[in-house]
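Next up, data.csv (CSV, C-alpha atoms):
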chain,number,residue,atom,x,y,z
A,24,MET,CA,32.4,46.9,103.4
A,25,LYS,CA,33.3,43.7,101.6
A,26,TYR,CA,30.5,41.5,100.3
A,27,SER,CA,30.3,37.9,99.3
A,28,SER,CA,29.8,37.0,95.6
A,29,ALA,CA,26.2,36.1,96.4
A,30,ALA,CA,25.6,39.5,97.9
A,31,ILE,CA,27.2,41.2,94.9
A,32,TRP,CA,24.9,39.3,92.7
A,33,GLU,CA,21.9,40.3,94.8
A,34,LEU,CA,23.0,43.9,94.6
A,35,THR,CA,23.6,44.0,90.8
A,36,TYR,CA,20.9,41.7,89.3
A,37,PRO,CA,18.1,44.3,89.3
A,38,ILE,CA,20.2,46.8,87.5
A,39,LEU,CA,21.6,44.2,85.0
A,40,LEU,CA,18.2,42.7,84.2
A,41,SER,CA,16.6,46.2,84.0
A,42,ALA,CA,19.2,47.3,81.5
A,43,GLY,CA,18.8,44.2,79.5
A,44,MET,CA,15.0,44.6,79.4
A,45,ALA,CA,15.5,48.3,78.4
A,46,VAL,CA,17.8,47.4,75.6
A,47,LEU,CA,15.4,44.7,74.3
A,48,SER,CA,12.5,47.1,74.5
A,49,PHE,CA,14.5,49.8,72.6
A,50,PHE,CA,15.4,47.4,69.7
A,51,PHE,CA,12.2,45.3,69.6
A,52,SER,CA,9.5,47.7,70.7
A,53,LYS,CA,7.9,47.8,67.2
A,54,LYS,CA,7.2,44.0,67.4
A,55,PHE,CA,5.2,44.4,70.6
A,56,ASP,CA,2.1,46.4,71.0
A,57,LEU,CA,2.4,47.5,74.6
A,58,ASP,CA,-0.2,49.8,76.2
A,59,PHE,CA,2.3,52.2,77.8
A,60,ASP,CA,-0.5,54.5,79.0
A,61,GLY,CA,-2.1,51.7,81.0
A,62,LEU,CA,1.3,50.5,82.3
A,63,VAL,CA,2.3,54.0,83.4
A,64,ASN,CA,-1.0,54.5,85.2
A,65,ALA,CA,-0.8,51.2,86.9
A,66,SER,CA,2.8,51.7,87.9
A,67,LEU,CA,2.0,55.1,89.5
A,68,ASN,CA,-0.6,53.4,91.7
A,69,VAL,CA,1.4,50.3,92.6
A,70,PHE,CA,4.7,52.1,93.2
A,71,GLY,CA,3.0,54.8,95.3
A,72,ILE,CA,1.5,52.2,97.5
A,73,LEU,CA,4.7,50.2,97.6
A,74,ILE,CA,6.7,53.3,98.7
A,75,GLY,CA,4.4,53.8,101.6
A,76,PHE,CA,4.8,50.1,102.6
A,77,LEU,CA,8.6,50.2,102.3
A,78,ILE,CA,8.9,53.4,104.3
A,79,THR,CA,6.7,51.9,107.0
A,80,VAL,CA,9.0,48.8,107.0
A,81,LEU,CA,12.0,51.1,107.2
A,82,THR,CA,10.7,52.8,110.4
A,83,ILE,CA,9.8,49.5,111.9
A,84,ILE,CA,13.2,47.9,111.2
A,85,HIS,CA,15.0,50.9,112.8
A,86,SER,CA,12.8,50.9,115.8
A,87,ILE,CA,12.9,47.2,116.7
A,88,GLU,CA,15.6,46.1,119.0
A,89,ASN,CA,15.6,42.4,119.7
A,90,SER,CA,17.9,39.4,119.5
A,91,TYR,CA,17.1,39.0,115.8
A,92,THR,CA,18.1,42.5,114.8
A,93,ARG,CA,21.1,42.3,117.0
A,94,ALA,CA,22.2,39.2,115.2
A,95,LEU,CA,21.7,40.9,111.9
A,96,LYS,CA,23.8,43.9,113.0
A,97,GLU,CA,26.6,41.8,114.4
A,98,GLY,CA,26.8,39.6,111.3
A,99,GLY,CA,26.9,42.6,108.9
A,100,SER,CA,23.6,41.6,107.2
A,101,TYR,CA,21.7,44.6,108.6
A,102,HIS,CA,23.6,47.0,106.5
A,103,LEU,CA,23.0,44.9,103.3
A,104,LEU,CA,19.3,44.7,104.2
A,105,SER,CA,19.0,48.5,104.6
A,106,VAL,CA,20.8,48.9,101.2
A,107,TYR,CA,18.3,46.7,99.6
A,108,LEU,CA,15.5,48.7,101.2
A,109,LYS,CA,17.0,52.0,100.0
A,110,HIS,CA,17.3,50.7,96.5
A,111,SER,CA,13.6,49.6,96.6
A,112,ILE,CA,12.4,53.0,97.8
A,113,TRP,CA,14.5,55.0,95.3
A,114,GLY,CA,13.6,52.6,92.5
A,115,CYS,CA,9.9,53.1,93.1
A,116,PHE,CA,10.4,56.9,93.5
A,117,PHE,CA,12.2,57.3,90.2
A,118,SER,CA,9.7,55.1,88.4
A,119,ILE,CA,6.9,57.4,89.7
A,120,VAL,CA,8.9,60.5,88.6
A,121,ILE,CA,9.4,59.1,85.2
A,122,GLY,CA,5.8,58.0,85.0
A,123,ILE,CA,4.5,61.4,85.9
A,124,ASN,CA,6.8,63.0,83.3
A,125,TYR,CA,5.5,60.4,80.8
A,126,VAL,CA,1.9,61.5,81.5
A,127,PHE,CA,2.7,65.2,81.1
A,128,PHE,CA,5.3,65.3,78.3
A,129,TYR,CA,5.0,62.2,76.2
A,130,ALA,CA,2.6,63.6,73.6
A,131,THR,CA,4.8,66.6,73.0
A,132,LEU,CA,7.9,64.6,72.3
A,133,VAL,CA,9.2,63.8,68.8
A,134,ASN,CA,8.8,60.2,67.7
A,135,GLU,CA,12.4,59.3,68.2
A,136,LEU,CA,12.5,60.8,71.7
A,137,GLN,CA,9.3,58.8,72.5
A,138,LYS,CA,11.2,55.6,71.9
A,139,ILE,CA,14.0,56.7,74.2
A,140,PHE,CA,11.5,57.8,76.8
A,141,ASP,CA,9.8,54.4,76.6
A,142,THR,CA,13.2,52.7,77.1
A,143,PHE,CA,13.8,54.8,80.3
A,144,PHE,CA,10.4,54.0,81.6
A,145,ILE,CA,10.9,50.3,81.0
A,146,PHE,CA,14.2,50.4,82.8
A,147,SER,CA,12.8,52.3,85.8
A,148,PHE,CA,9.7,50.1,85.9
A,149,VAL,CA,11.7,46.8,85.8
A,150,PHE,CA,14.3,48.1,88.3
A,151,ALA,CA,11.6,49.1,90.8
A,152,LEU,CA,9.8,45.8,90.5
A,153,LEU,CA,13.0,43.7,90.8
A,154,SER,CA,14.5,45.7,93.7
A,155,SER,CA,11.2,45.7,95.6
A,156,PHE,CA,10.8,41.9,95.0
A,157,ARG,CA,14.4,41.4,96.2
A,158,PHE,CA,13.8,43.2,99.4
A,159,ILE,CA,10.4,41.7,100.1
A,160,LYS,CA,11.7,38.2,99.4
A,161,ILE,CA,14.7,38.6,101.7
A,162,PHE,CA,12.7,40.4,104.4
A,163,LEU,CA,10.0,37.7,104.4
A,164,LYS,CA,12.6,34.9,104.5
A,165,LEU,CA,14.3,36.6,107.5
A,166,SER,CA,11.2,37.5,109.4
A,167,LEU,CA,9.5,34.1,108.9
A,168,LYS,CA,12.7,32.1,109.7
A,169,ASN,CA,11.8,31.5,113.3
A,170,LYS,CA,8.2,30.6,112.7

Can you present the structure in this file as structure tokens?
Amino acid sequence: MKYSSAAIWELTYPILLSAGMAVLSFFFSKKFDLDFDGLVNASLNVFGILIGFLITVLTIIHSIENSYTRALKEGGSYHLLSVYLKHSIWGCFFSIVIGINYVFFYATLVNELQKIFDTFFIFSFVFALLSSFRFIKIFLKLSLKNK
């Protein structure tokens, strides 16, 4: 499927910004005193709730058949919306997996590996936030368009 340049930007900006934040955190992590334990615990809670919400939205989107969803399907935007939703769900899931691994294995890692693990966590955290924000922003814009 061929996408417009705006759609390509929408698809890639969460990955690009997440990678940028991960690189910044890798090189400048000593200058910032982040509470990673608190961030991991909060992300486990938030992304767990968010996955439940997104999966509920997924079932609702696939079960609704009205003029609005038909217009999305005919225009090709429905596929893009479902791609955004899948990215959000998988981003939250991987952030939870990395967060759980952080809780269990972080203390046993060597100091250099802890920095790499922090970088992976920052990447997954930012990606999950940005991809979820992207989907929710677009979904709200589309669903509130007629109101």

What lies within 9 Å of His110 in chain A using all atoms listed in the file, ignoring chain neighbours under 6 positions off, as a PyMOL selection string? chain A and resi 151+154-155+158

Just checking: using all atoms listed in the file, which residue out of A:Leu95, A:Ala45, A:Ile112, A:Ile31 ends up closest to Phe140 in chain A? A:Ala45

Between CA of Asp141 in chain A and CA of Leu153 in chain A, distance in Å (one decimal):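 Computing it gives 18.1 Å between the two atoms.
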
Got a sec: who's within 9 Å of range 145-147 of chain A, counting only C-alpha atoms, leaving out chain neighbours fewer than 3 positions off, as a compact mmCIF listing (two decimals) with C-alpha atoms, in the frame of the given file?
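Ended up saving to around09.txt:
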# COMPACT_ATOMS: atom_id res chain seq x y z
CA ILE A 38 20.20 46.80 87.50
CA LEU A 40 18.20 42.70 84.20
CA SER A 41 16.60 46.20 84.00
CA ALA A 42 19.20 47.30 81.50
CA GLY A 43 18.80 44.20 79.50
CA MET A 44 15.00 44.60 79.40
CA ALA A 45 15.50 48.30 78.40
CA VAL A 46 17.80 47.40 75.60
CA SER A 48 12.50 47.10 74.50
CA GLY A 114 13.60 52.60 92.50
CA CYS A 115 9.90 53.10 93.10
CA PHE A 117 12.20 57.30 90.20
CA SER A 118 9.70 55.10 88.40
CA ILE A 119 6.90 57.40 89.70
CA ILE A 121 9.40 59.10 85.20
CA PHE A 140 11.50 57.80 76.80
CA ASP A 141 9.80 54.40 76.60
CA THR A 142 13.20 52.70 77.10
CA PHE A 150 14.30 48.10 88.30
CA ALA A 151 11.60 49.10 90.80
CA LEU A 152 9.80 45.80 90.50

Closest to Trp113 in chain A among A:Ile139, A:Ile87, A:Val126, A:Ile74, using all atoms listed in the file?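 Closest to Trp113 in chain A of all the choices is A:Ile74.
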
CA of Glu88 in chain A to CA of Arg157 in chain A, straight-line distance in Å: 23.3 Å

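Using only C-alpha atoms, the shortest contact distance between Lys164 in chain A and any of A:His85, A:Ser111, A:Leu104, A:Ser66 is found at A:Leu104.
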
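Between CA of Thr82 in chain A and CA of Phe148 in chain A the interatomic distance comes to 24.7 Å.
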
Which is closer to Phe162 in chain A than all the others in A:His102, A:Lys138, A:Ile123, A:Val80, using only C-alpha atoms?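 Counting only C-alpha atoms, the residue closest to Phe162 in chain A is A:Val80.
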
Residues near Leu67 in chain A, cut-off 8 Å, all atoms listed in the file, skip fewer than 2 positions along chain, as a PDB file with C-alpha atoms, in the coordinates of the input:
ATOM      1  CA  VAL A  63       2.300  54.000  83.400  1.00  0.00           C
ATOM      2  CA  ASN A  64      -1.000  54.500  85.200  1.00  0.00           C
ATOM      3  CA  ALA A  65      -0.800  51.200  86.900  1.00  0.00           C
ATOM      4  CA  VAL A  69       1.400  50.300  92.600  1.00  0.00           C
ATOM      5  CA  PHE A  70       4.700  52.100  93.200  1.00  0.00           C
ATOM      6  CA  GLY A  71       3.000  54.800  95.300  1.00  0.00           C
ATOM      7  CA  SER A 118       9.700  55.100  88.400  1.00  0.00           C
ATOM      8  CA  ILE A 119       6.900  57.400  89.700  1.00  0.00           C
ATOM      9  CA  GLY A 122       5.800  58.000  85.000  1.00  0.00           C
ATOM     10  CA  ILE A 123       4.500  61.400  85.900  1.00  0.00           C
TER      11      ILE A 123
END

Counting only C-alpha atoms, the residue among A:Leu77, A:Leu47, A:Ile161, A:Leu167 that lies closest to Ser100 in chain A is A:Ile161

Pick from A:Ser105, A:Ser86, A:Ser28, A:Ser52: nearest to Gln137 in chain A, with all atoms listed in the file counted?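 Among the listed residues, the smallest separation from Gln137 in chain A belongs to A:Ser52.
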